file final_35.pdb (PDB, C-alpha atoms)
ATOM      1  CA  MET A   1     103.794 103.184 127.181
ATOM      2  CA  GLU A   2     105.470 102.292 123.890
ATOM      3  CA  ASN A   3     108.408 104.578 124.715
ATOM      4  CA  LEU A   4     108.771 102.903 128.128
ATOM      5  CA  THR A   5     108.810  99.474 126.500
ATOM      6  CA  ALA A   6     111.491 100.596 124.137
ATOM      7  CA  ILE A   7     113.642 101.844 127.006
ATOM      8  CA  LEU A   8     113.326  98.714 129.190
ATOM      9  CA  PRO A   9     115.807  95.907 128.396
ATOM     10  CA  THR A  10     114.654  92.550 127.078
ATOM     11  CA  SER A  11     115.147  89.431 129.207
ATOM     12  CA  ASP A  12     118.307  88.548 127.289
ATOM     13  CA  GLN A  13     119.679  92.042 127.709
ATOM     14  CA  PHE A  14     118.815  91.976 131.425
ATOM     15  CA  LEU A  15     121.060  88.917 131.889
ATOM     16  CA  ASP A  16     123.950  90.928 130.503
ATOM     17  CA  TYR A  17     123.569  93.410 133.362
ATOM     18  CA  LEU A  18     123.830  90.729 136.051
ATOM     19  CA  PRO A  19     127.237  90.433 137.728
ATOM     20  CA  GLU A  20     129.366  87.483 136.684
ATOM     21  CA  ASN A  21     129.679  84.574 139.063
ATOM     22  CA  PRO A  22     133.409  84.059 139.564
ATOM     23  CA  ILE A  23     132.906  80.785 141.459
ATOM     24  CA  LYS A  24     130.822  79.259 138.674
ATOM     25  CA  GLU A  25     133.256  80.548 136.057
ATOM     26  CA  SER A  26     136.249  79.075 137.896
ATOM     27  CA  PHE A  27     134.458  75.781 138.364
ATOM     28  CA  ALA A  28     133.492  75.667 134.674
ATOM     29  CA  ASN A  29     137.080  76.360 133.617
ATOM     30  CA  ALA A  30     138.422  73.673 135.964
ATOM     31  CA  TRP A  31     135.840  71.140 134.788
ATOM     32  CA  MET A  32     136.535  71.792 131.112
ATOM     33  CA  TYR A  33     140.286  71.550 131.742
ATOM     34  CA  MET A  34     139.763  68.193 133.460
ATOM     35  CA  THR A  35     137.603  66.721 130.693
ATOM     36  CA  LYS A  36     140.030  67.962 128.054
ATOM     37  CA  ASN A  37     143.203  66.618 129.663
ATOM     38  CA  TYR A  38     142.046  63.362 131.272
ATOM     39  CA  THR A  39     140.239  60.319 129.919
ATOM     40  CA  LYS A  40     136.809  59.252 131.099
ATOM     41  CA  PHE A  41     138.379  56.234 132.814
ATOM     42  CA  GLN A  42     140.814  58.452 134.716
ATOM     43  CA  ILE A  43     138.025  60.822 135.768
ATOM     44  CA  ALA A  44     135.575  58.105 136.811
ATOM     45  CA  THR A  45     138.152  55.937 138.593
ATOM     46  CA  TRP A  46     141.122  57.926 139.879
ATOM     47  CA  GLY A  47     139.199  61.174 140.134
ATOM     48  CA  SER A  48     136.497  59.473 142.194
ATOM     49  CA  LEU A  49     139.075  57.776 144.436
ATOM     50  CA  ILE A  50     140.933  61.041 145.081
ATOM     51  CA  LEU A  51     137.660  62.825 145.828
ATOM     52  CA  HIS A  52     136.611  60.048 148.203
ATOM     53  CA  GLU A  53     139.864  60.151 150.175
ATOM     54  CA  LEU A  54     140.034  63.955 150.338
ATOM     55  CA  VAL A  55     136.409  64.344 151.447
ATOM     56  CA  TYR A  56     136.560  61.443 153.899
ATOM     57  CA  PHE A  57     139.550  62.645 155.865
ATOM     58  CA  ALA A  58     138.631  66.323 155.557
ATOM     59  CA  ALA A  59     135.263  65.495 157.138
ATOM     60  CA  CYS A  60     137.020  63.471 159.851
ATOM     61  CA  LEU A  61     139.523  66.218 160.690
ATOM     62  CA  PRO A  62     137.276  68.393 162.926
ATOM     63  CA  GLY A  63     136.425  65.421 165.145
ATOM     64  CA  ILE A  64     140.107  64.476 165.389
ATOM     65  CA  LEU A  65     140.931  68.021 166.514
ATOM     66  CA  PHE A  66     137.977  68.298 168.917
ATOM     67  CA  GLN A  67     139.504  65.750 171.299
ATOM     68  CA  PHE A  68     142.377  68.167 171.967
ATOM     69  CA  VAL A  69     140.151  71.228 172.538
ATOM     70  CA  PRO A  70     138.742  71.300 176.106
ATOM     71  CA  PHE A  71     135.815  73.541 175.094
ATOM     72  CA  MET A  72     134.595  71.011 172.491
ATOM     73  CA  ARG A  73     134.580  68.072 174.878
ATOM     74  CA  ARG A  74     131.297  69.277 176.358
ATOM     75  CA  PHE A  75     129.648  68.347 173.051
ATOM     76  CA  LYS A  76     130.863  64.744 173.130
ATOM     77  CA  ILE A  77     127.883  62.433 173.491
ATOM     78  CA  GLN A  78     129.515  59.603 175.469
ATOM     79  CA  GLN A  79     131.640  61.626 177.861
ATOM     80  CA  ASN A  80     133.078  58.604 179.643
ATOM     81  CA  ARG A  81     134.564  57.056 176.488
ATOM     82  CA  PRO A  82     137.264  59.332 175.024
ATOM     83  CA  GLU A  83     139.085  58.512 171.800
ATOM     84  CA  THR A  84     142.465  56.796 172.006
ATOM     85  CA  PHE A  85     145.389  56.791 169.584
ATOM     86  CA  GLU A  86     145.409  52.977 169.578
ATOM     87  CA  GLY A  87     141.743  52.859 168.587
ATOM     88  CA  GLN A  88     142.191  55.448 165.853
ATOM     89  CA  TRP A  89     145.259  53.706 164.408
ATOM     90  CA  LYS A  90     143.453  50.358 164.373
ATOM     91  CA  CYS A  91     140.544  51.991 162.587
ATOM     92  CA  PHE A  92     142.805  53.702 160.039
ATOM     93  CA  LYS A  93     144.529  50.450 159.039
ATOM     94  CA  LEU A  94     141.277  48.644 158.237
ATOM     95  CA  LEU A  95     140.004  51.749 156.443
ATOM     96  CA  MET A  96     142.973  51.692 154.083
ATOM     97  CA  PHE A  97     142.336  48.028 153.278
ATOM     98  CA  ASN A  98     138.640  48.653 152.618
ATOM     99  CA  HIS A  99     139.243  51.807 150.582
ATOM    100  CA  PHE A 100     141.855  50.352 148.245
ATOM    101  CA  CYS A 101     141.031  46.639 148.139
ATOM    102  CA  ILE A 102     137.221  46.704 148.318
ATOM    103  CA  GLN A 103     135.971  50.140 147.322
ATOM    104  CA  LEU A 104     138.478  50.939 144.553
ATOM    105  CA  PRO A 105     137.349  47.985 142.350
ATOM    106  CA  LEU A 106     133.751  49.140 142.858
ATOM    107  CA  ILE A 107     134.706  52.693 141.924
ATOM    108  CA  ALA A 108     136.429  51.395 138.785
ATOM    109  CA  GLY A 109     133.125  49.821 137.799
ATOM    110  CA  THR A 110     131.524  53.260 137.560
ATOM    111  CA  TYR A 111     133.444  53.888 134.333
ATOM    112  CA  VAL A 112     131.859  50.788 132.787
ATOM    113  CA  PHE A 113     128.470  52.000 134.007
ATOM    114  CA  THR A 114     128.859  55.494 132.531
ATOM    115  CA  GLU A 115     129.989  54.060 129.196
ATOM    116  CA  TYR A 116     127.201  51.481 129.008
ATOM    117  CA  PHE A 117     124.459  54.001 129.803
ATOM    118  CA  ASN A 118     126.097  56.928 127.956
ATOM    119  CA  ILE A 119     126.305  59.107 131.066
ATOM    120  CA  PRO A 120     127.772  62.460 129.962
ATOM    121  CA  TYR A 121     130.931  64.057 131.379
ATOM    122  CA  GLY A 122     130.972  67.412 129.557
ATOM    123  CA  TRP A 123     130.286  70.856 130.953
ATOM    124  CA  GLU A 124     127.695  71.524 128.260
ATOM    125  CA  GLU A 125     125.577  68.576 129.501
ATOM    126  CA  MET A 126     125.818  69.649 133.153
ATOM    127  CA  PRO A 127     122.301  69.635 134.684
ATOM    128  CA  PRO A 128     121.080  72.672 136.675
ATOM    129  CA  TRP A 129     121.833  72.686 140.400
ATOM    130  CA  TYR A 130     118.234  72.092 141.484
ATOM    131  CA  ASN A 131     118.011  68.992 139.278
ATOM    132  CA  LEU A 132     121.183  67.605 140.862
ATOM    133  CA  ALA A 133     119.982  68.506 144.365
ATOM    134  CA  LEU A 134     116.736  66.582 143.877
ATOM    135  CA  ARG A 135     118.638  63.583 142.521
ATOM    136  CA  VAL A 136     121.061  63.622 145.453
ATOM    137  CA  PHE A 137     118.079  63.674 147.816
ATOM    138  CA  GLY A 138     116.588  60.742 145.888
ATOM    139  CA  CYS A 139     119.881  58.851 146.263
ATOM    140  CA  ALA A 140     119.780  59.522 150.013
ATOM    141  CA  VAL A 141     116.220  58.170 150.317
ATOM    142  CA  ILE A 142     117.117  55.030 148.339
ATOM    143  CA  GLU A 143     120.322  54.429 150.317
ATOM    144  CA  ASP A 144     118.569  55.008 153.644
ATOM    145  CA  THR A 145     115.864  52.467 152.772
ATOM    146  CA  TRP A 146     118.423  49.857 151.692
ATOM    147  CA  HIS A 147     120.533  50.562 154.767
ATOM    148  CA  TYR A 148     117.638  50.218 157.211
ATOM    149  CA  PHE A 149     116.532  46.757 156.093
ATOM    150  CA  LEU A 150     119.990  45.303 155.394
ATOM    151  CA  HIS A 151     121.484  46.841 158.538
ATOM    152  CA  SER A 152     118.727  45.408 160.716
ATOM    153  CA  ALA A 153     119.263  42.025 159.005
ATOM    154  CA  LEU A 154     122.982  42.162 159.887
ATOM    155  CA  HIS A 155     121.932  42.442 163.545
ATOM    156  CA  ASP A 156     120.306  39.021 163.349
ATOM    157  CA  LYS A 157     121.937  36.906 166.069
ATOM    158  CA  ARG A 158     122.729  34.144 163.592
ATOM    159  CA  ILE A 159     125.067  36.317 161.518
ATOM    160  CA  TYR A 160     125.877  39.368 163.671
ATOM    161  CA  LYS A 161     129.104  37.980 165.133
ATOM    162  CA  TYR A 162     130.459  37.062 161.697
ATOM    163  CA  ILE A 163     130.053  40.428 159.955
ATOM    164  CA  HIS A 164     128.524  43.453 161.679
ATOM    165  CA  LYS A 165     130.265  42.898 165.016
ATOM    166  CA  VAL A 166     133.420  44.392 163.485
ATOM    167  CA  HIS A 167     131.740  47.791 163.085
ATOM    168  CA  HIS A 168     130.446  47.649 166.653
ATOM    169  CA  GLN A 169     133.900  47.193 168.147
ATOM    170  CA  TYR A 170     133.654  50.925 168.752
ATOM    171  CA  GLN A 171     130.807  51.428 171.225
ATOM    172  CA  SER A 172     131.580  55.148 171.231
ATOM    173  CA  PRO A 173     132.156  55.999 167.549
ATOM    174  CA  PHE A 174     134.321  58.742 166.079
ATOM    175  CA  GLY A 175     134.360  60.051 162.512
ATOM    176  CA  MET A 176     136.767  57.535 160.984
ATOM    177  CA  THR A 177     134.648  54.601 162.169
ATOM    178  CA  ALA A 178     132.005  55.503 159.562
ATOM    179  CA  GLU A 179     133.560  53.025 157.098
ATOM    180  CA  TYR A 180     135.231  50.759 159.636
ATOM    181  CA  ALA A 181     133.551  47.479 158.780
ATOM    182  CA  HIS A 182     133.983  43.880 157.723
ATOM    183  CA  PRO A 183     134.690  43.679 153.947
ATOM    184  CA  ALA A 184     131.421  41.798 153.465
ATOM    185  CA  GLU A 185     129.532  44.634 155.176
ATOM    186  CA  THR A 186     131.307  47.170 152.987
ATOM    187  CA  LEU A 187     129.867  45.335 149.982
ATOM    188  CA  ILE A 188     126.409  44.653 151.433
ATOM    189  CA  LEU A 189     125.601  48.096 152.832
ATOM    190  CA  GLY A 190     127.715  49.852 150.206
ATOM    191  CA  MET A 191     125.355  48.656 147.484
ATOM    192  CA  GLY A 192     122.813  51.101 148.866
ATOM    193  CA  PHE A 193     125.038  53.936 147.683
ATOM    194  CA  PHE A 194     125.142  52.619 144.114
ATOM    195  CA  TRP A 195     121.418  51.949 143.660
ATOM    196  CA  GLY A 196     120.682  55.664 143.524
ATOM    197  CA  ILE A 197     123.446  56.201 140.967
ATOM    198  CA  LEU A 198     122.134  53.345 138.827
ATOM    199  CA  LEU A 199     118.619  54.756 138.866
ATOM    200  CA  LEU A 200     119.153  58.516 138.848
ATOM    201  CA  ALA A 201     122.520  59.351 137.255
ATOM    202  CA  ASN A 202     122.248  61.900 134.438
ATOM    203  CA  HIS A 203     125.836  63.203 134.591
ATOM    204  CA  VAL A 204     129.056  61.954 136.162
ATOM    205  CA  ILE A 205     129.021  64.925 138.537
ATOM    206  CA  LEU A 206     126.031  63.368 140.300
ATOM    207  CA  LEU A 207     128.335  60.576 141.461
ATOM    208  CA  TRP A 208     130.755  63.100 142.935
ATOM    209  CA  LEU A 209     128.058  65.209 144.569
ATOM    210  CA  TRP A 210     126.346  62.174 146.055
ATOM    211  CA  VAL A 211     129.564  60.671 147.432
ATOM    212  CA  THR A 212     130.453  64.048 148.978
ATOM    213  CA  VAL A 213     127.073  64.454 150.693
ATOM    214  CA  ARG A 214     127.000  60.824 151.807
ATOM    215  CA  LEU A 215     130.499  60.941 153.311
ATOM    216  CA  PHE A 216     129.847  64.150 155.235
ATOM    217  CA  GLU A 217     126.561  62.699 156.483
ATOM    218  CA  THR A 218     127.880  59.315 157.629
ATOM    219  CA  ILE A 219     130.945  60.874 159.278
ATOM    220  CA  ASP A 220     128.665  63.370 161.018
ATOM    221  CA  VAL A 221     126.466  60.648 162.529
ATOM    222  CA  HIS A 222     129.555  58.678 163.601
ATOM    223  CA  SER A 223     131.410  61.735 164.928
ATOM    224  CA  GLY A 224     130.479  61.174 168.570
ATOM    225  CA  TYR A 225     129.776  64.909 168.914
ATOM    226  CA  ASP A 226     126.476  66.762 168.857
ATOM    227  CA  ILE A 227     127.263  70.384 168.055
ATOM    228  CA  PRO A 228     124.185  72.630 167.905
ATOM    229  CA  TYR A 229     123.477  75.353 165.352
ATOM    230  CA  LEU A 230     126.465  74.693 163.068
ATOM    231  CA  ASN A 231     125.255  71.497 161.385
ATOM    232  CA  VAL A 232     123.450  72.197 158.096
ATOM    233  CA  PHE A 233     122.179  68.618 157.942
ATOM    234  CA  HIS A 234     119.775  69.422 160.770
ATOM    235  CA  LEU A 235     117.901  71.664 158.344
ATOM    236  CA  VAL A 236     116.852  68.490 156.474
ATOM    237  CA  PRO A 237     113.495  67.119 157.719
ATOM    238  CA  PHE A 238     113.691  63.763 159.530
ATOM    239  CA  TYR A 239     117.494  63.844 159.673
ATOM    240  CA  GLY A 240     118.686  61.500 162.430
ATOM    241  CA  GLY A 241     122.016  63.023 163.348
ATOM    242  CA  SER A 242     124.820  61.989 165.658
ATOM    243  CA  ARG A 243     122.731  61.396 168.808
ATOM    244  CA  PHE A 244     120.399  59.107 166.905
ATOM    245  CA  HIS A 245     123.176  56.906 165.509
ATOM    246  CA  ASP A 246     125.450  57.190 168.540
ATOM    247  CA  PHE A 247     122.692  55.546 170.566
ATOM    248  CA  HIS A 248     122.750  52.625 168.127
ATOM    249  CA  HIS A 249     126.435  52.041 168.932
ATOM    250  CA  TYR A 250     125.791  52.508 172.646
ATOM    251  CA  ASN A 251     122.716  50.268 172.744
ATOM    252  CA  PHE A 252     123.445  47.840 169.845
ATOM    253  CA  THR A 253     119.713  47.650 169.111
ATOM    254  CA  GLY A 254     117.374  49.960 167.183
ATOM    255  CA  ASN A 255     118.006  53.137 165.171
ATOM    256  CA  TYR A 256     119.005  51.142 162.090
ATOM    257  CA  SER A 257     118.568  53.933 159.515
ATOM    258  CA  SER A 258     121.607  55.664 158.080
ATOM    259  CA  THR A 259     120.230  59.160 157.464
ATOM    260  CA  PHE A 260     116.534  59.654 158.169
ATOM    261  CA  THR A 261     114.336  58.537 161.044
ATOM    262  CA  TRP A 262     111.100  57.530 159.308
ATOM    263  CA  TRP A 263     111.758  53.786 158.928
ATOM    264  CA  ASP A 264     112.635  53.496 162.614
ATOM    265  CA  LYS A 265     109.491  55.442 163.485
ATOM    266  CA  ILE A 266     107.311  53.251 161.243
ATOM    267  CA  PHE A 267     108.638  49.963 162.666
ATOM    268  CA  GLY A 268     109.083  51.204 166.237
ATOM    269  CA  THR A 269     112.821  50.468 166.302
ATOM    270  CA  ASP A 270     113.478  53.896 167.829
ATOM    271  CA  ARG A 271     111.477  53.060 170.974
ATOM    272  CA  GLN A 272     114.464  52.456 173.248
ATOM    273  CA  PHE A 273     116.109  55.652 171.981
ATOM    274  CA  LYS A 274     113.021  57.699 172.849
ATOM    275  CA  GLU A 275     112.702  56.073 176.268
ATOM    276  CA  TYR A 276     116.374  56.667 177.052
ATOM    277  CA  TYR A 277     116.289  60.374 176.235
ATOM    278  CA  SER A 278     112.917  60.776 177.912
ATOM    279  CA  LYS A 279     114.483  59.474 181.138
ATOM    280  CA  LEU A 280     117.461  61.814 180.712
ATOM    281  CA  GLU A 281     115.153  64.798 180.292
ATOM    282  CA  GLY A 282     113.175  63.765 183.376
ATOM    283  CA  LYS A 283     116.374  63.478 185.389
ATOM    284  CA  LYS A 284     117.523  66.943 184.271
ATOM    285  CA  GLU A 285     114.194  68.468 185.332
ATOM    286  CA  LYS A 286     114.491  66.856 188.782
ATOM    287  CA  ASP A 287     118.059  68.091 189.222
ATOM    288  CA  GLN A 288     116.943  71.633 188.393
TER     289      GLN A 288
END
call {"tool": "encode", "arguments": {"input": "final_35.pdb", "output": "structure tokens"}}
result
Amino acid sequence: MENLTAILPTSDQFLDYLPENPIKESFANAWMYMTKNYTKFQIATWGSLILHELVYFAACLPGILFQFVPFMRRFKIQQNRPETFEGQWKCFKLLMFNHFCIQLPLIAGTYVFTEYFNIPYGWEEMPPWYNLALRVFGCAVIEDTWHYFLHSALHDKRIYKYIHKVHHQYQSPFGMTAEYAHPAETLILGMGFFWGILLLANHVILLWLWVTVRLFETIDVHSGYDIPYLNVFHLVPFYGGSRFHDFHHYNFTGNYSSTFTWWDKIFGTDRQFKEYYSKLEGKKEKDQ
């Protein structure tokens, strides 16, 4: 037994036998290069802006292409309302105003936040992936809660026409409409994104991971397409998805959550959605 123990490697030696992770190594090298060659202000402000724009339009690209692929049109939720170039161009122009005149000043404020709370930037302080994943999920829960109550408030008849009506100009949404909104709405609902960062940030990378997940999620639910099997977000319990939010644009009432379905279930604001799809299922069974 003693001889066997002597032959077996220790835990530290065992790690040496594991294959290297080229992706992690490349990412570490890129991150260290960035922190060495750019200031914290440049990383927090311009780096975050570049990431936002790249992720936003990369996530929108599949939906833009789908309209030209006949096979994909079967997955469009509102079949009778196709996208138009005029509608997309109108959306793009307001997006550019919101991104650079409203969101950029908010993004610049993240540098002040990281300095005030001593949020680290270095590779050595990088938290493990599971820690970041839990924090991103926490950000999503916080944002979803904020979004539900403030979004439902924006549907109040006394203020709806002044602010939230802008977002609902597109009754059949497409990806780019995710951030098509009145500037006041961009500030009001956008605060939900920052609450999680304020409460849970332990490294600047959390900001980048959270903005990436949030953009892919909100563009998914606004995509206007429900594509089965390929959407990893559907692996998340209580995820609403494109049909859930598309019905909100179609119906104007109910389904106020941004990501999950529990607040709508608790307050019964998903009732019309359930009734609508229950009728559709009944009609399909009759036709068969």
call {"tool": "resolve_selection", "arguments": {"input": "final_35.pdb", "expression": "the PyMOL selection byres ((chain A and resi 131-136) around 12)", "output": "tab-separated table (two decimals) with C-alpha atoms, in the coordinates of the input"}}
result
chain	number	residue	atom	x	y	z
A	126	MET	CA	125.82	69.65	133.15
A	127	PRO	CA	122.30	69.64	134.68
A	128	PRO	CA	121.08	72.67	136.68
A	129	TRP	CA	121.83	72.69	140.40
A	130	TYR	CA	118.23	72.09	141.48
A	137	PHE	CA	118.08	63.67	147.82
A	138	GLY	CA	116.59	60.74	145.89
A	139	CYS	CA	119.88	58.85	146.26
A	140	ALA	CA	119.78	59.52	150.01
A	141	VAL	CA	116.22	58.17	150.32
A	142	ILE	CA	117.12	55.03	148.34
A	143	GLU	CA	120.32	54.43	150.32
A	193	PHE	CA	125.04	53.94	147.68
A	194	PHE	CA	125.14	52.62	144.11
A	195	TRP	CA	121.42	51.95	143.66
A	196	GLY	CA	120.68	55.66	143.52
A	197	ILE	CA	123.45	56.20	140.97
A	198	LEU	CA	122.13	53.34	138.83
A	199	LEU	CA	118.62	54.76	138.87
A	200	LEU	CA	119.15	58.52	138.85
A	201	ALA	CA	122.52	59.35	137.26
A	202	ASN	CA	122.25	61.90	134.44
A	203	HIS	CA	125.84	63.20	134.59
A	204	VAL	CA	129.06	61.95	136.16
A	205	ILE	CA	129.02	64.92	138.54
A	206	LEU	CA	126.03	63.37	140.30
A	207	LEU	CA	128.34	60.58	141.46
A	208	TRP	CA	130.76	63.10	142.94
A	209	LEU	CA	128.06	65.21	144.57
A	210	TRP	CA	126.35	62.17	146.06
A	211	VAL	CA	129.56	60.67	147.43
A	212	THR	CA	130.45	64.05	148.98
A	213	VAL	CA	127.07	64.45	150.69
A	214	ARG	CA	127.00	60.82	151.81
call {"tool": "atom_distance", "arguments": {"input": "final_35.pdb", "atom1": "atom CA of Arg73 of chain A", "atom2": "atom CA of Ser223 of chain A"}}
result
12.2 Å
call {"tool": "residues_around", "arguments": {"input": "final_35.pdb", "residues": "Glu83 of chain A", "least_positions_apart": "4", "cutoff": "9 Å", "atoms": "only C-alpha atoms", "output": "list in words"}}
result
Ile64, Gln67, Gly87, Gln88, Ser172, Pro173 and Phe174 of chain A
call {"tool": "residues_around", "arguments": {"input": "final_35.pdb", "residues": "segment 123-125 of chain A", "least_positions_apart": "4", "cutoff": "8 Å", "atoms": "all atoms listed in the file", "output": "VMD selection string"}}
result
chain A and resid 28 31 to 32 203
call {"tool": "closest_atom_pairs", "arguments": {"input": "final_35.pdb", "of": "segment 96-173 of chain A", "to": "segment 237-254 of chain A", "cutoff": "9 Å", "atoms": "only C-alpha atoms", "output": "JSON lines"}}
result
{"residue": "A:Ser152", "atom": "CA", "partner": "A:Gly254", "partner_atom": "CA", "distance": 8.0}
{"residue": "A:His155", "atom": "CA", "partner": "A:Thr253", "partner_atom": "CA", "distance": 7.9}
{"residue": "A:His167", "atom": "CA", "partner": "A:His249", "partner_atom": "CA", "distance": 9.0}
{"residue": "A:His168", "atom": "CA", "partner": "A:His249", "partner_atom": "CA", "distance": 6.4}
{"residue": "A:Gln169", "atom": "CA", "partner": "A:His249", "partner_atom": "CA", "distance": 8.9}
{"residue": "A:Tyr170", "atom": "CA", "partner": "A:His249", "partner_atom": "CA", "distance": 7.3}
{"residue": "A:Gln171", "atom": "CA", "partner": "A:His249", "partner_atom": "CA", "distance": 5.0}
{"residue": "A:Ser172", "atom": "CA", "partner": "A:His249", "partner_atom": "CA", "distance": 6.4}
{"residue": "A:Pro173", "atom": "CA", "partner": "A:Asp246", "partner_atom": "CA", "distance": 6.9}
call {"tool": "atom_distance", "arguments": {"input": "final_35.pdb", "atom1": "atom CA of Ala58 of chain A", "atom2": "atom CA of His234 of chain A"}}
result
19.8 Å
call {"tool": "closest_residue", "arguments": {"input": "final_35.pdb", "among": "A:Gln272, A:Tyr121, A:Val69, A:Thr145", "to": "Thr39 of chain A", "atoms": "all atoms listed in the file"}}
result
A:Tyr121
call {"tool": "closest_residue", "arguments": {"input": "final_35.pdb", "among": "A:Leu187, A:His147, A:Tyr111, A:Tyr225", "to": "Gln79 of chain A", "atoms": "only C-alpha atoms"}}
result
A:Tyr225
call {"tool": "resolve_selection", "arguments": {"input": "final_35.pdb", "expression": "the PyMOL selection byres ((chain A and resi 259) around 7)", "output": "list in words"}}
result
Asp144, Tyr239, Gly240, Ser257, Ser258, Phe260 and Thr261 of chain A
call {"tool": "axis_aligned_box", "arguments": {"input": "final_35.pdb", "around": "segment 217-234 of chain A", "padding_each_side": "3 Å", "output": "AutoDock Vina command-line options"}}
result
--center_x 125.6 --center_y 67.0 --center_z 162.7 --size_x 17.6 --size_y 22.7 --size_z 18.4
call {"tool": "atom_distance", "arguments": {"input": "final_35.pdb", "atom1": "atom CA of Glu53 of chain A", "atom2": "atom CA of His99 of chain A"}}
result
8.4 Å
call {"tool": "residues_around", "arguments": {"input": "final_35.pdb", "residues": "Phe97 of chain A", "least_positions_apart": "6", "cutoff": "10 Å", "atoms": "only C-alpha atoms", "output": "PyMOL selection string"}}
result
chain A and resi 103-104+180+183
call {"tool": "resolve_selection", "arguments": {"input": "final_35.pdb", "expression": "the PyMOL selection byres ((chain A and resi 107) around 10)", "output": "ChimeraX atom specification"}}
result
/A:44-49,52,99-100,102-106,108-112,194
call {"tool": "write_last_selection", "arguments": {"input": "final_35.pdb", "atoms": "C-alpha atoms", "output": "short mmCIF file (atom, residue, chain, number, x, y, z; two decimals), in the coordinates of the input"}}
result
data_model
loop_
_atom_site.label_atom_id
_atom_site.label_comp_id
_atom_site.auth_asym_id
_atom_site.auth_seq_id
_atom_site.Cartn_x
_atom_site.Cartn_y
_atom_site.Cartn_z
CA ALA A 44 135.57 58.10 136.81
CA THR A 45 138.15 55.94 138.59
CA TRP A 46 141.12 57.93 139.88
CA GLY A 47 139.20 61.17 140.13
CA SER A 48 136.50 59.47 142.19
CA LEU A 49 139.07 57.78 144.44
CA HIS A 52 136.61 60.05 148.20
CA HIS A 99 139.24 51.81 150.58
CA PHE A 100 141.85 50.35 148.24
CA ILE A 102 137.22 46.70 148.32
CA GLN A 103 135.97 50.14 147.32
CA LEU A 104 138.48 50.94 144.55
CA PRO A 105 137.35 47.98 142.35
CA LEU A 106 133.75 49.14 142.86
CA ALA A 108 136.43 51.40 138.78
CA GLY A 109 133.12 49.82 137.80
CA THR A 110 131.52 53.26 137.56
CA TYR A 111 133.44 53.89 134.33
CA VAL A 112 131.86 50.79 132.79
CA PHE A 194 125.14 52.62 144.11
#
call {"tool": "closest_residue", "arguments": {"input": "final_35.pdb", "among": "A:Lys161, A:Ser26, A:Lys36, A:Ile227", "to": "Gly122 of chain A", "atoms": "all atoms listed in the file"}}
result
A:Lys36
call {"tool": "residues_around", "arguments": {"input": "final_35.pdb", "residues": "His222 of chain A", "least_positions_apart": "2", "cutoff": "6 Å", "atoms": "all atoms listed in the file", "output": "number ranges by chain"}}
result
A: 173-175, 178, 219-220, 224
call {"tool": "write_last_selection", "arguments": {"input": "final_35.pdb", "atoms": "C-alpha atoms", "output": "compact mmCIF listing (two decimals), in the frame of the given file"}}
result
# COMPACT_ATOMS: atom_id res chain seq x y z
CA PRO A 173 132.16 56.00 167.55
CA PHE A 174 134.32 58.74 166.08
CA GLY A 175 134.36 60.05 162.51
CA ALA A 178 132.00 55.50 159.56
CA ILE A 219 130.94 60.87 159.28
CA ASP A 220 128.66 63.37 161.02
CA GLY A 224 130.48 61.17 168.57
call {"tool": "closest_residue", "arguments": {"input": "final_35.pdb", "among": "A:Gln78, A:Thr177, A:Phe113, A:Asn21", "to": "Leu94 of chain A", "atoms": "only C-alpha atoms"}}
result
A:Thr177
